Structure formats: structure tokens, C-alpha cells
>>> print(open('model-v2.cif').read())   # mmCIF, C-alpha atoms and all ligand atoms
data_final
#
loop_
_atom_site.group_PDB
_atom_site.id
_atom_site.type_symbol
_atom_site.label_atom_id
_atom_site.label_comp_id
_atom_site.auth_asym_id
_atom_site.auth_seq_id
_atom_site.Cartn_x
_atom_site.Cartn_y
_atom_site.Cartn_z
ATOM 1 C CA MET A 222 0.000 0.000 0.000
ATOM 2 C CA PRO A 223 1.349 3.484 -0.785
ATOM 3 C CA LEU A 224 2.401 5.405 2.317
ATOM 4 C CA ILE A 225 -0.401 7.981 2.323
ATOM 5 C CA ALA A 226 -3.044 5.264 2.017
ATOM 6 C CA GLU A 227 -1.352 3.366 4.823
ATOM 7 C CA ASN A 228 -1.359 6.451 7.040
ATOM 8 C CA ILE A 229 -5.047 7.029 6.416
ATOM 9 C CA SER A 230 -5.968 3.456 7.127
ATOM 10 C CA PHE A 231 -3.937 3.527 10.353
ATOM 11 C CA LEU A 232 -5.658 6.737 11.460
ATOM 12 C CA LYS A 233 -9.093 5.356 10.605
ATOM 13 C CA SER A 234 -8.340 2.378 12.833
ATOM 14 C CA GLN A 235 -7.691 4.797 15.722
ATOM 15 C CA ILE A 236 -10.749 6.990 15.211
ATOM 16 C CA PRO A 237 -14.376 6.162 16.027
ATOM 17 C CA SER A 238 -16.460 6.057 12.847
ATOM 18 C CA SER A 239 -18.586 8.955 14.114
ATOM 19 C CA VAL A 240 -15.563 11.284 14.029
ATOM 20 C CA ARG A 241 -14.771 12.980 10.740
ATOM 21 C CA LEU A 242 -11.200 13.024 9.487
ATOM 22 C CA VAL A 243 -10.284 16.145 7.524
ATOM 23 C CA ALA A 244 -6.974 15.735 5.686
ATOM 24 C CA ILE A 245 -5.072 19.002 5.879
ATOM 25 C CA SER A 246 -3.327 19.280 2.525
ATOM 26 C CA LYS A 247 -1.840 22.786 2.757
ATOM 27 C CA THR A 248 1.591 22.980 1.079
ATOM 28 C CA LYS A 249 1.146 19.413 -0.203
ATOM 29 C CA PRO A 250 1.249 18.681 -3.956
ATOM 30 C CA VAL A 251 -1.802 17.643 -5.944
ATOM 31 C CA GLY A 252 -0.316 14.165 -6.477
ATOM 32 C CA ASP A 253 -0.372 13.539 -2.733
ATOM 33 C CA ILE A 254 -3.981 14.664 -2.515
ATOM 34 C CA ILE A 255 -4.918 12.269 -5.329
ATOM 35 C CA GLU A 256 -3.225 9.477 -3.416
ATOM 36 C CA ALA A 257 -5.349 10.258 -0.363
ATOM 37 C CA TYR A 258 -8.449 10.577 -2.542
ATOM 38 C CA ASN A 259 -7.779 7.161 -4.077
ATOM 39 C CA ALA A 260 -7.588 5.783 -0.552
ATOM 40 C CA GLY A 261 -11.153 6.998 -0.014
ATOM 41 C CA GLN A 262 -10.472 10.342 1.650
ATOM 42 C CA ARG A 263 -13.035 13.004 0.650
ATOM 43 C CA TYR A 264 -12.627 15.825 3.215
ATOM 44 C CA PHE A 265 -9.636 18.078 2.691
ATOM 45 C CA GLY A 266 -8.626 21.313 4.409
ATOM 46 C CA GLU A 267 -6.546 24.233 3.164
ATOM 47 C CA ASN A 268 -5.556 27.446 4.879
ATOM 48 C CA ARG A 269 -4.874 29.788 1.946
ATOM 49 C CA VAL A 270 -7.447 30.848 -0.603
ATOM 50 C CA GLN A 271 -5.103 31.089 -3.602
ATOM 51 C CA GLU A 272 -3.548 27.704 -2.950
ATOM 52 C CA LEU A 273 -6.998 26.170 -2.564
ATOM 53 C CA LEU A 274 -8.212 27.689 -5.851
ATOM 54 C CA ASN A 275 -5.120 26.485 -7.706
ATOM 55 C CA LYS A 276 -5.486 22.922 -6.457
ATOM 56 C CA LYS A 277 -9.239 22.591 -6.600
ATOM 57 C CA ASP A 278 -9.411 22.869 -10.375
ATOM 58 C CA LEU A 279 -6.946 20.009 -10.783
ATOM 59 C CA LEU A 280 -8.789 17.660 -8.462
ATOM 60 C CA PRO A 281 -12.030 15.613 -8.451
ATOM 61 C CA ALA A 282 -15.205 17.645 -7.995
ATOM 62 C CA ASP A 283 -16.593 15.482 -5.207
ATOM 63 C CA ILE A 284 -13.877 16.553 -2.765
ATOM 64 C CA GLU A 285 -15.369 18.489 0.145
ATOM 65 C CA TRP A 286 -13.091 21.426 0.854
ATOM 66 C CA HIS A 287 -12.786 22.973 4.297
ATOM 67 C CA MET A 288 -11.217 26.381 4.856
ATOM 68 C CA ILE A 289 -9.180 26.215 8.057
ATOM 69 C CA GLY A 290 -7.035 29.357 7.905
ATOM 70 C CA HIS A 291 -7.707 33.001 8.631
ATOM 71 C CA LEU A 292 -9.977 34.286 5.865
ATOM 72 C CA GLN A 293 -10.082 37.910 4.754
ATOM 73 C CA THR A 294 -13.560 39.224 4.017
ATOM 74 C CA ASN A 295 -12.573 40.283 0.483
ATOM 75 C CA LYS A 296 -11.565 36.683 -0.349
ATOM 76 C CA VAL A 297 -14.885 35.122 0.645
ATOM 77 C CA LYS A 298 -16.354 35.738 -2.789
ATOM 78 C CA SER A 299 -13.802 33.488 -4.516
ATOM 79 C CA ILE A 300 -14.599 30.381 -2.454
ATOM 80 C CA VAL A 301 -18.244 30.811 -1.492
ATOM 81 C CA SER A 302 -19.637 28.890 -4.460
ATOM 82 C CA PHE A 303 -17.936 25.598 -3.643
ATOM 83 C CA ILE A 304 -16.562 25.592 -0.098
ATOM 84 C CA SER A 305 -18.023 22.804 1.983
ATOM 85 C CA MET A 306 -17.276 24.323 5.381
ATOM 86 C CA ILE A 307 -15.514 27.425 6.668
ATOM 87 C CA GLN A 308 -14.023 26.305 9.984
ATOM 88 C CA SER A 309 -12.138 29.509 10.693
ATOM 89 C CA VAL A 310 -14.852 32.100 11.303
ATOM 90 C CA ASP A 311 -13.078 34.367 13.777
ATOM 91 C CA SER A 312 -15.156 37.565 13.637
ATOM 92 C CA TYR A 313 -18.725 38.733 13.266
ATOM 93 C CA LYS A 314 -17.636 40.827 10.285
ATOM 94 C CA LEU A 315 -16.445 37.672 8.486
ATOM 95 C CA LEU A 316 -19.707 35.888 9.241
ATOM 96 C CA VAL A 317 -21.644 38.804 7.735
ATOM 97 C CA ALA A 318 -19.414 38.775 4.646
ATOM 98 C CA ILE A 319 -19.936 35.033 4.146
ATOM 99 C CA ASN A 320 -23.681 35.473 4.598
ATOM 100 C CA SER A 321 -23.934 38.247 2.047
ATOM 101 C CA GLU A 322 -21.858 36.453 -0.610
ATOM 102 C CA ALA A 323 -23.794 33.235 -0.012
ATOM 103 C CA LEU A 324 -27.081 35.101 -0.327
ATOM 104 C CA LYS A 325 -26.067 36.419 -3.764
ATOM 105 C CA ILE A 326 -25.753 32.877 -5.094
ATOM 106 C CA ASN A 327 -28.564 31.455 -3.000
ATOM 107 C CA ARG A 328 -26.374 29.091 -0.979
ATOM 108 C CA VAL A 329 -26.217 28.281 2.705
ATOM 109 C CA VAL A 330 -22.611 27.880 3.849
ATOM 110 C CA ASP A 331 -21.664 25.685 6.791
ATOM 111 C CA CYS A 332 -19.390 27.472 9.274
ATOM 112 C CA LEU A 333 -17.643 26.815 12.561
ATOM 113 C CA LEU A 334 -16.889 29.509 15.109
ATOM 114 C CA GLN A 335 -13.153 29.472 15.734
ATOM 115 C CA ILE A 336 -12.462 29.930 19.419
ATOM 116 C CA HIS A 337 -9.153 30.987 20.884
ATOM 117 C CA ILE A 338 -8.227 28.274 23.379
ATOM 118 C CA ALA A 339 -4.408 28.325 23.295
ATOM 119 C CA THR A 340 -2.041 30.235 25.526
ATOM 120 C CA GLU A 341 -0.246 31.630 22.458
ATOM 121 C CA LYS A 342 -1.582 35.019 21.483
ATOM 122 C CA THR A 343 -0.636 34.522 17.836
ATOM 123 C CA LYS A 344 -3.507 32.171 17.104
ATOM 124 C CA SER A 345 -6.734 33.686 15.895
ATOM 125 C CA GLY A 346 -10.271 33.043 17.020
ATOM 126 C CA PHE A 347 -12.949 34.596 19.188
ATOM 127 C CA SER A 348 -12.194 34.918 22.856
ATOM 128 C CA VAL A 349 -15.104 33.372 24.765
ATOM 129 C CA PRO A 350 -16.287 36.723 26.224
ATOM 130 C CA ASP A 351 -16.112 38.392 22.794
ATOM 131 C CA LEU A 352 -18.084 35.589 21.244
ATOM 132 C CA TYR A 353 -20.869 35.937 23.818
ATOM 133 C CA GLU A 354 -20.892 39.672 23.394
ATOM 134 C CA ASN A 355 -21.263 39.256 19.628
ATOM 135 C CA LEU A 356 -24.017 36.704 20.004
ATOM 136 C CA GLN A 357 -25.879 39.004 22.375
ATOM 137 C CA SER A 358 -25.499 42.244 20.513
ATOM 138 C CA GLU A 359 -25.611 41.175 16.872
ATOM 139 C CA ASP A 360 -28.273 39.367 14.964
ATOM 140 C CA VAL A 361 -26.093 36.347 14.313
ATOM 141 C CA LEU A 362 -29.024 33.991 14.316
ATOM 142 C CA LEU A 363 -30.815 36.042 11.682
ATOM 143 C CA LEU A 364 -28.101 35.423 9.107
ATOM 144 C CA ARG A 365 -29.973 32.975 6.898
ATOM 145 C CA ASN A 366 -27.199 32.050 4.491
ATOM 146 C CA VAL A 367 -24.714 30.768 7.025
ATOM 147 C CA ARG A 368 -25.306 27.662 9.078
ATOM 148 C CA ILE A 369 -23.286 27.625 12.279
ATOM 149 C CA CYS A 370 -22.431 23.958 12.786
ATOM 150 C CA GLY A 371 -20.236 24.184 15.882
ATOM 151 C CA VAL A 372 -16.828 25.307 17.077
ATOM 152 C CA MET A 373 -13.192 24.904 16.098
ATOM 153 C CA GLY A 374 -10.064 25.391 18.155
ATOM 154 C CA ILE A 375 -6.304 24.980 17.964
ATOM 155 C CA ALA A 376 -4.524 23.929 21.148
ATOM 156 C CA SER A 377 -1.151 25.293 22.227
ATOM 157 C CA PHE A 378 1.911 23.675 20.630
ATOM 158 C CA ILE A 379 3.431 22.533 23.899
ATOM 159 C CA SER A 380 4.515 19.288 25.495
ATOM 160 C CA ASP A 381 2.453 19.955 28.632
ATOM 161 C CA THR A 382 -0.313 17.431 27.997
ATOM 162 C CA ASN A 383 -2.325 18.607 31.003
ATOM 163 C CA GLN A 384 -2.531 22.054 29.508
ATOM 164 C CA VAL A 385 -3.546 20.718 26.083
ATOM 165 C CA MET A 386 -6.240 18.515 27.637
ATOM 166 C CA LYS A 387 -7.496 21.537 29.568
ATOM 167 C CA GLU A 388 -7.743 23.604 26.396
ATOM 168 C CA PHE A 389 -9.723 20.891 24.631
ATOM 169 C CA ALA A 390 -11.975 20.514 27.680
ATOM 170 C CA ASN A 391 -12.560 24.289 27.600
ATOM 171 C CA LEU A 392 -13.586 24.112 23.967
ATOM 172 C CA ARG A 393 -15.974 21.258 24.666
ATOM 173 C CA GLU A 394 -17.534 23.178 27.549
ATOM 174 C CA CYS A 395 -17.853 26.225 25.370
ATOM 175 C CA PHE A 396 -19.593 24.124 22.707
ATOM 176 C CA HIS A 397 -22.090 22.778 25.247
ATOM 177 C CA SER A 398 -22.852 26.139 26.755
ATOM 178 C CA LEU A 399 -23.461 27.615 23.287
ATOM 179 C CA LYS A 400 -25.625 24.644 22.389
ATOM 180 C CA ASP A 401 -27.676 25.089 25.564
ATOM 181 C CA SER A 402 -28.146 28.794 25.000
ATOM 182 C CA TYR A 403 -28.001 30.264 21.503
ATOM 183 C CA PHE A 404 -28.262 27.076 19.502
ATOM 184 C CA ARG A 405 -30.823 25.189 21.550
ATOM 185 C CA SER A 406 -33.056 24.629 18.545
ATOM 186 C CA GLY A 407 -30.234 24.166 16.061
ATOM 187 C CA ILE A 408 -29.992 20.591 14.893
ATOM 188 C CA TYR A 409 -26.929 21.529 12.856
ATOM 189 C CA PHE A 410 -24.903 22.764 15.827
ATOM 190 C CA LYS A 411 -23.019 19.555 16.579
ATOM 191 C CA GLU A 412 -19.363 19.790 15.606
ATOM 192 C CA ILE A 413 -16.308 20.225 17.811
ATOM 193 C CA SER A 414 -13.336 20.475 15.447
ATOM 194 C CA MET A 415 -10.228 19.873 17.518
ATOM 195 C CA GLY A 416 -7.151 17.697 17.290
ATOM 196 C CA MET A 417 -4.175 17.731 14.918
ATOM 197 C CA SER A 418 -1.329 15.272 14.255
ATOM 198 C CA GLY A 419 0.359 15.859 17.601
ATOM 199 C CA ASP A 420 -2.661 15.958 19.858
ATOM 200 C CA TYR A 421 -5.520 14.071 18.204
ATOM 201 C CA ALA A 422 -5.651 11.293 20.809
ATOM 202 C CA MET A 423 -6.240 13.875 23.543
ATOM 203 C CA ALA A 424 -8.826 15.667 21.423
ATOM 204 C CA LEU A 425 -10.730 12.393 20.949
ATOM 205 C CA LYS A 426 -10.758 11.830 24.709
ATOM 206 C CA GLU A 427 -12.235 15.298 25.166
ATOM 207 C CA GLY A 428 -15.019 14.745 22.664
ATOM 208 C CA SER A 429 -13.755 15.906 19.280
ATOM 209 C CA THR A 430 -16.123 15.231 16.378
ATOM 210 C CA MET A 431 -13.737 16.369 13.670
ATOM 211 C CA LEU A 432 -9.966 15.949 13.422
ATOM 212 C CA ARG A 433 -7.766 18.095 11.193
ATOM 213 C CA ILE A 434 -4.683 16.068 10.369
ATOM 214 C CA GLY A 435 -1.869 16.985 8.007
ATOM 215 C CA SER A 436 1.593 15.614 8.727
ATOM 216 C CA LEU A 437 0.456 12.211 10.015
ATOM 217 C CA ILE A 438 -1.166 11.639 6.616
ATOM 218 C CA PHE A 439 1.172 13.349 4.192
ATOM 219 C CA GLY A 440 4.432 13.291 6.138
ATOM 220 C CA LYS A 441 6.604 16.281 6.852
ATOM 221 C CA ARG A 442 8.363 17.898 3.890
HETATM 222 C C1 LIG A 501 -1.840 22.856 9.570
HETATM 223 C C2 LIG A 501 -3.065 22.772 10.359
HETATM 224 C C3 LIG A 501 -3.530 21.546 10.841
HETATM 225 C C4 LIG A 501 -2.805 20.217 10.638
HETATM 226 O O1 LIG A 501 -1.585 20.204 11.314
HETATM 227 P P1 LIG A 501 -0.715 18.867 11.461
HETATM 228 O O2 LIG A 501 0.064 19.093 12.694
HETATM 229 O O3 LIG A 501 0.117 18.803 10.222
HETATM 230 O O4 LIG A 501 -1.645 17.730 11.569
HETATM 231 C C5 LIG A 501 -4.740 21.549 11.545
HETATM 232 N N1 LIG A 501 -5.419 22.685 11.775
HETATM 233 C C6 LIG A 501 -4.995 23.873 11.323
HETATM 234 C C7 LIG A 501 -5.819 25.080 11.605
HETATM 235 C C8 LIG A 501 -3.801 23.967 10.611
HETATM 236 O O5 LIG A 501 -3.391 25.166 10.180
#
>>> encode(input="model-v2.cif", output="C-alpha cells")
Amino acid sequence: MPLIAENISFLKSQIPSSVRLVAISKTKPVGDIIEAYNAGQRYFGENRVQELLNKKDLLPADIEWHMIGHLQTNKVKSIVSFISMIQSVDSYKLLVAINSEALKINRVVDCLLQIHIATEKTKSGFSVPDLYENLQSEDVLLLRNVRICGVMGIASFISDTNQVMKEFANLRECFHSLKDSYFRSGIYFKEISMGMSGDYAMALKEGSTMLRIGSLIFGKR
């Protein structure tokens, strides 16, 4: 079996079937993505719009693309027609931009609210208080062309496993408190996207429903 297919089949053996595996293919060549596709992988994630657009046209149309990197509002237009999920919604302004572009083409776009859970300040995402303030003061739930499907978070890149577990637990708690308040009637609000190559086992223990894995599938280059 080619290496990428082997990596995917190993990962699948470690992951409950209810958890979705998103293969993060940023910086990886199209040939590697095809290899993963031929092994049955259909969810792929990219973090740059231009790279995504370049690759998408060379790849099968039934791939479901997830945007996982910071997205500028002026770039929404170029991906809104095909993107399967935008996991990296980190501001109300971005949510409004996605809604208005989606409305123009009569689409409803699945989104996750990216929440800042790490100790590093460099990572983007809503802080929990900011998120609540936005939900209270803005008409988030009246945006008809975005469907908020849950939350996404990136844990700190540190060896302190207690800290990483705590960050994942915080994200899970945040998900449940949002579900019990603003999204009580939302049947779509069900995803907790957390866990990468280095920390996916911990994320699974803390209730992840969606893993974003790059180097364990494609290797490090
Ligand atoms: C790159 C990236 C990943 C995958 O990272 P690996 O450590 O290669 O698995 C997951 N999530 C986000 C947001 C990323 O940017």
C-alpha cells in the first residue's frame, strides 16, 4: 500500500467512525492529494485561498473542501460557491461577509466559530467573552445564508499534555454552553473540530467530532 493510504488506514483504525477526518493538505502537492483521494479520503482542508483555488481545479469535484485558515472578508467571494465548510470564522464581520456572498448565489454555507483556546496570542479566534458579546449584541441567528455547525479550536503547541487537555476541555464546555443557550433549537450545531497530528488522541478523549490532520497523513516535507 502506498504510504499515504497506509497512514489514512492507520488513522481510521484509531478513530471512532462517528468522528470525521479532515486531511489538511496545505503545502502538499496535488499528487499527494490524489493518493489520499484514491484511498477513499473526501474531506480536505486548506488554509490559503489562492492555494486552494489552484489545487481545486486540478482535483475531483466530489472533494469536500474545508477552509481552516484566517480568511479575509474580500476573499470570501472566490470560495463561497464551492466551499463545503468554513471552519475559521473568527469575527462577526467575516460571518456577515460570508452570509452576504452566499445570499447572492442562493447558498447556505456551513461554518464553525473558531475559538481561541491556546495560551499563544498569535492564534486567531474569538475569545469566549467576545463571542458571547457578539451573540448578544448582533443578529447572528438572523443570518440565513450561514449555518453555524459548531466550534473549532487549535490547542497550544506545547509538550504539557495537562494544559492541552485543559484547552480541549474548555472548547468542549464552550460548545455545550453555546448549544444550551443560543443554539438550543439548532440541529446543525453539533461539531467540535479539535485535534491535529500531535494531539488528536487527547482531542478524541475530550469529545472531538472532527480531526484536522496533516503531517500524520502526508508526512513532513
Ligand atoms: C496545519 C493545520 C492543521 C494540521 O496540522 P498537522 O500538525 O500537520 O496535523 C490543523 N489545523 C490547522 C488550523 C492547521 O493550520
>>> residues_around(input="model-v2.cif", residues="Lys249 of chain A", least_positions_apart="3", cutoff="10 Å", atoms="all atoms listed in the file", output="list in words")
Ile245, Ser246, Gly252, Asp253, Ile254, Glu267, Glu272, Lys276, Gly435, Ser436, Phe439, Gly440, Lys441 and Arg442 of chain A
>>> write_last_selection(input="model-v2.cif", atoms="C-alpha atoms", output="short mmCIF file (atom, residue, chain, number, x, y, z; two decimals), in the coordinates of the input")
data_model
loop_
_atom_site.label_atom_id
_atom_site.label_comp_id
_atom_site.auth_asym_id
_atom_site.auth_seq_id
_atom_site.Cartn_x
_atom_site.Cartn_y
_atom_site.Cartn_z
CA ILE A 245 -5.07 19.00 5.88
CA SER A 246 -3.33 19.28 2.52
CA GLY A 252 -0.32 14.16 -6.48
CA ASP A 253 -0.37 13.54 -2.73
CA ILE A 254 -3.98 14.66 -2.52
CA GLU A 267 -6.55 24.23 3.16
CA GLU A 272 -3.55 27.70 -2.95
CA LYS A 276 -5.49 22.92 -6.46
CA GLY A 435 -1.87 16.98 8.01
CA SER A 436 1.59 15.61 8.73
CA PHE A 439 1.17 13.35 4.19
CA GLY A 440 4.43 13.29 6.14
CA LYS A 441 6.60 16.28 6.85
CA ARG A 442 8.36 17.90 3.89
#
>>> closest_residue(input="model-v2.cif", among="A:Gln384, A:Gln335, A:Asn355, A:Ser234", to="ligand LIG 501 (chain A)", atoms="all atoms listed in the file")
A:Gln335
>>> residues_around(input="model-v2.cif", residues="segment 310-314 of chain A", least_positions_apart="4", cutoff="12 Å", atoms="all atoms listed in the file", output="JSON, numbers by chain")
{"A": [287, 288, 289, 290, 291, 292, 293, 294, 295, 297, 306, 318, 319, 320, 321, 330, 331, 332, 333, 334, 335, 336, 337, 344, 345, 346, 347, 348, 349, 351, 352, 353, 354, 355, 356, 357, 358, 359, 360, 361, 362, 364, 367, 368, 369, 370, 371, 372, 373, 374]}
>>> closest_residue(input="model-v2.cif", among="A:Leu274, A:Ile434, A:Leu242, A:Val301", to="Lys325 of chain A", atoms="only C-alpha atoms")
A:Val301
>>> closest_residue(input="model-v2.cif", among="A:Ala422, A:Asn327, A:Val317, A:Asp278", to="Gln235 of chain A", atoms="only C-alpha atoms")
A:Ala422
>>> atom_distance(input="model-v2.cif", atom1="atom CA of Lys277 of chain A", atom2="atom CA of Gly261 of chain A")
17.0 Å
>>> atom_distance(input="model-v2.cif", atom1="atom C7 of ligand LIG 501 (chain A)", atom2="atom CA of Phe410 of chain A")
19.7 Å
>>> closest_residue(input="model-v2.cif", among="A:Leu280, A:Ile255, A:Ile438, A:Leu224", to="ligand LIG 501 (chain A)", atoms="only C-alpha atoms and all ligand atoms")
A:Ile438
>>> atom_distance(input="model-v2.cif", atom1="atom CA of Ala257 of chain A", atom2="atom CA of Ala244 of chain A")
8.3 Å
>>> build_atoms(input="model-v2.cif", residues="segment 324-347 of chain A", atoms="N, CA, C and O atoms", output="PDB file, keeping the file's coordinate frame")
ATOM      1  N   LEU A 324     -25.745  34.653   0.057  1.00  0.00           N
ATOM      2  CA  LEU A 324     -27.081  35.101  -0.327  1.00  0.00           C
ATOM      3  C   LEU A 324     -27.149  35.410  -1.826  1.00  0.00           C
ATOM      4  O   LEU A 324     -28.108  35.034  -2.508  1.00  0.00           O
ATOM      5  N   LYS A 325     -26.099  36.058  -2.334  1.00  0.00           N
ATOM      6  CA  LYS A 325     -26.067  36.419  -3.764  1.00  0.00           C
ATOM      7  C   LYS A 325     -26.195  35.209  -4.671  1.00  0.00           C
ATOM      8  O   LYS A 325     -26.697  35.309  -5.787  1.00  0.00           O
ATOM      9  N   ILE A 326     -25.684  34.068  -4.236  1.00  0.00           N
ATOM     10  CA  ILE A 326     -25.753  32.877  -5.094  1.00  0.00           C
ATOM     11  C   ILE A 326     -26.719  31.831  -4.510  1.00  0.00           C
ATOM     12  O   ILE A 326     -26.714  30.666  -4.919  1.00  0.00           O
ATOM     13  N   ASN A 327     -27.514  32.302  -3.562  1.00  0.00           N
ATOM     14  CA  ASN A 327     -28.564  31.455  -3.000  1.00  0.00           C
ATOM     15  C   ASN A 327     -28.038  30.142  -2.413  1.00  0.00           C
ATOM     16  O   ASN A 327     -28.566  29.067  -2.662  1.00  0.00           O
ATOM     17  N   ARG A 328     -26.959  30.262  -1.647  1.00  0.00           N
ATOM     18  CA  ARG A 328     -26.374  29.091  -0.979  1.00  0.00           C
ATOM     19  C   ARG A 328     -26.432  29.293   0.525  1.00  0.00           C
ATOM     20  O   ARG A 328     -26.477  30.425   0.988  1.00  0.00           O
ATOM     21  N   VAL A 329     -26.401  28.201   1.255  1.00  0.00           N
ATOM     22  CA  VAL A 329     -26.217  28.281   2.705  1.00  0.00           C
ATOM     23  C   VAL A 329     -24.863  27.631   2.997  1.00  0.00           C
ATOM     24  O   VAL A 329     -24.622  26.492   2.604  1.00  0.00           O
ATOM     25  N   VAL A 330     -23.969  28.368   3.641  1.00  0.00           N
ATOM     26  CA  VAL A 330     -22.611  27.880   3.849  1.00  0.00           C
ATOM     27  C   VAL A 330     -22.428  27.430   5.303  1.00  0.00           C
ATOM     28  O   VAL A 330     -22.711  28.181   6.243  1.00  0.00           O
ATOM     29  N   ASP A 331     -21.950  26.213   5.456  1.00  0.00           N
ATOM     30  CA  ASP A 331     -21.664  25.685   6.791  1.00  0.00           C
ATOM     31  C   ASP A 331     -20.415  26.350   7.358  1.00  0.00           C
ATOM     32  O   ASP A 331     -19.398  26.458   6.670  1.00  0.00           O
ATOM     33  N   CYS A 332     -20.506  26.769   8.627  1.00  0.00           N
ATOM     34  CA  CYS A 332     -19.390  27.472   9.274  1.00  0.00           C
ATOM     35  C   CYS A 332     -19.171  26.932  10.680  1.00  0.00           C
ATOM     36  O   CYS A 332     -20.098  26.426  11.311  1.00  0.00           O
ATOM     37  N   LEU A 333     -17.936  27.052  11.147  1.00  0.00           N
ATOM     38  CA  LEU A 333     -17.643  26.815  12.561  1.00  0.00           C
ATOM     39  C   LEU A 333     -17.114  28.115  13.146  1.00  0.00           C
ATOM     40  O   LEU A 333     -16.434  28.881  12.463  1.00  0.00           O
ATOM     41  N   LEU A 334     -17.437  28.351  14.406  1.00  0.00           N
ATOM     42  CA  LEU A 334     -16.889  29.509  15.109  1.00  0.00           C
ATOM     43  C   LEU A 334     -15.532  29.105  15.673  1.00  0.00           C
ATOM     44  O   LEU A 334     -15.439  28.166  16.475  1.00  0.00           O
ATOM     45  N   GLN A 335     -14.484  29.792  15.214  1.00  0.00           N
ATOM     46  CA  GLN A 335     -13.153  29.472  15.734  1.00  0.00           C
ATOM     47  C   GLN A 335     -12.949  30.184  17.065  1.00  0.00           C
ATOM     48  O   GLN A 335     -13.113  31.398  17.175  1.00  0.00           O
ATOM     49  N   ILE A 336     -12.595  29.393  18.064  1.00  0.00           N
ATOM     50  CA  ILE A 336     -12.462  29.930  19.419  1.00  0.00           C
ATOM     51  C   ILE A 336     -11.005  29.834  19.861  1.00  0.00           C
ATOM     52  O   ILE A 336     -10.339  28.819  19.647  1.00  0.00           O
ATOM     53  N   HIS A 337     -10.539  30.919  20.440  1.00  0.00           N
ATOM     54  CA  HIS A 337      -9.153  30.987  20.884  1.00  0.00           C
ATOM     55  C   HIS A 337      -9.024  30.246  22.208  1.00  0.00           C
ATOM     56  O   HIS A 337      -9.525  30.697  23.234  1.00  0.00           O
ATOM     57  N   ILE A 338      -8.352  29.068  22.156  1.00  0.00           N
ATOM     58  CA  ILE A 338      -8.227  28.274  23.379  1.00  0.00           C
ATOM     59  C   ILE A 338      -6.782  28.161  23.848  1.00  0.00           C
ATOM     60  O   ILE A 338      -6.521  27.729  24.963  1.00  0.00           O
ATOM     61  N   ALA A 339      -5.826  28.528  22.980  1.00  0.00           N
ATOM     62  CA  ALA A 339      -4.408  28.325  23.295  1.00  0.00           C
ATOM     63  C   ALA A 339      -3.861  29.451  24.162  1.00  0.00           C
ATOM     64  O   ALA A 339      -4.467  30.513  24.281  1.00  0.00           O
ATOM     65  N   THR A 340      -2.699  29.178  24.752  1.00  0.00           N
ATOM     66  CA  THR A 340      -2.041  30.235  25.526  1.00  0.00           C
ATOM     67  C   THR A 340      -1.330  31.217  24.594  1.00  0.00           C
ATOM     68  O   THR A 340      -1.152  32.367  24.940  1.00  0.00           O
ATOM     69  N   GLU A 341      -0.930  30.734  23.393  1.00  0.00           N
ATOM     70  CA  GLU A 341      -0.246  31.630  22.458  1.00  0.00           C
ATOM     71  C   GLU A 341      -1.206  32.690  21.935  1.00  0.00           C
ATOM     72  O   GLU A 341      -2.314  32.392  21.517  1.00  0.00           O
ATOM     73  N   LYS A 342      -0.734  33.917  21.936  1.00  0.00           N
ATOM     74  CA  LYS A 342      -1.582  35.019  21.483  1.00  0.00           C
ATOM     75  C   LYS A 342      -1.678  35.079  19.965  1.00  0.00           C
ATOM     76  O   LYS A 342      -2.567  35.683  19.406  1.00  0.00           O
ATOM     77  N   THR A 343      -0.708  34.424  19.290  1.00  0.00           N
ATOM     78  CA  THR A 343      -0.636  34.522  17.836  1.00  0.00           C
ATOM     79  C   THR A 343      -1.813  33.847  17.127  1.00  0.00           C
ATOM     80  O   THR A 343      -2.131  34.187  16.013  1.00  0.00           O
ATOM     81  N   LYS A 344      -2.440  32.898  17.789  1.00  0.00           N
ATOM     82  CA  LYS A 344      -3.507  32.171  17.104  1.00  0.00           C
ATOM     83  C   LYS A 344      -4.796  32.979  17.086  1.00  0.00           C
ATOM     84  O   LYS A 344      -5.112  33.653  18.049  1.00  0.00           O
ATOM     85  N   SER A 345      -5.525  32.871  15.988  1.00  0.00           N
ATOM     86  CA  SER A 345      -6.734  33.686  15.895  1.00  0.00           C
ATOM     87  C   SER A 345      -7.936  32.950  16.457  1.00  0.00           C
ATOM     88  O   SER A 345      -7.862  31.801  16.878  1.00  0.00           O
ATOM     89  N   GLY A 346      -9.053  33.629  16.476  1.00  0.00           N
ATOM     90  CA  GLY A 346     -10.271  33.043  17.020  1.00  0.00           C
ATOM     91  C   GLY A 346     -10.933  34.016  17.980  1.00  0.00           C
ATOM     92  O   GLY A 346     -10.295  34.925  18.483  1.00  0.00           O
ATOM     93  N   PHE A 347     -12.218  33.799  18.203  1.00  0.00           N
ATOM     94  CA  PHE A 347     -12.949  34.596  19.188  1.00  0.00           C
ATOM     95  C   PHE A 347     -12.433  34.263  20.583  1.00  0.00           C
ATOM     96  O   PHE A 347     -12.197  33.083  20.882  1.00  0.00           O
TER      97      PHE A 347
END
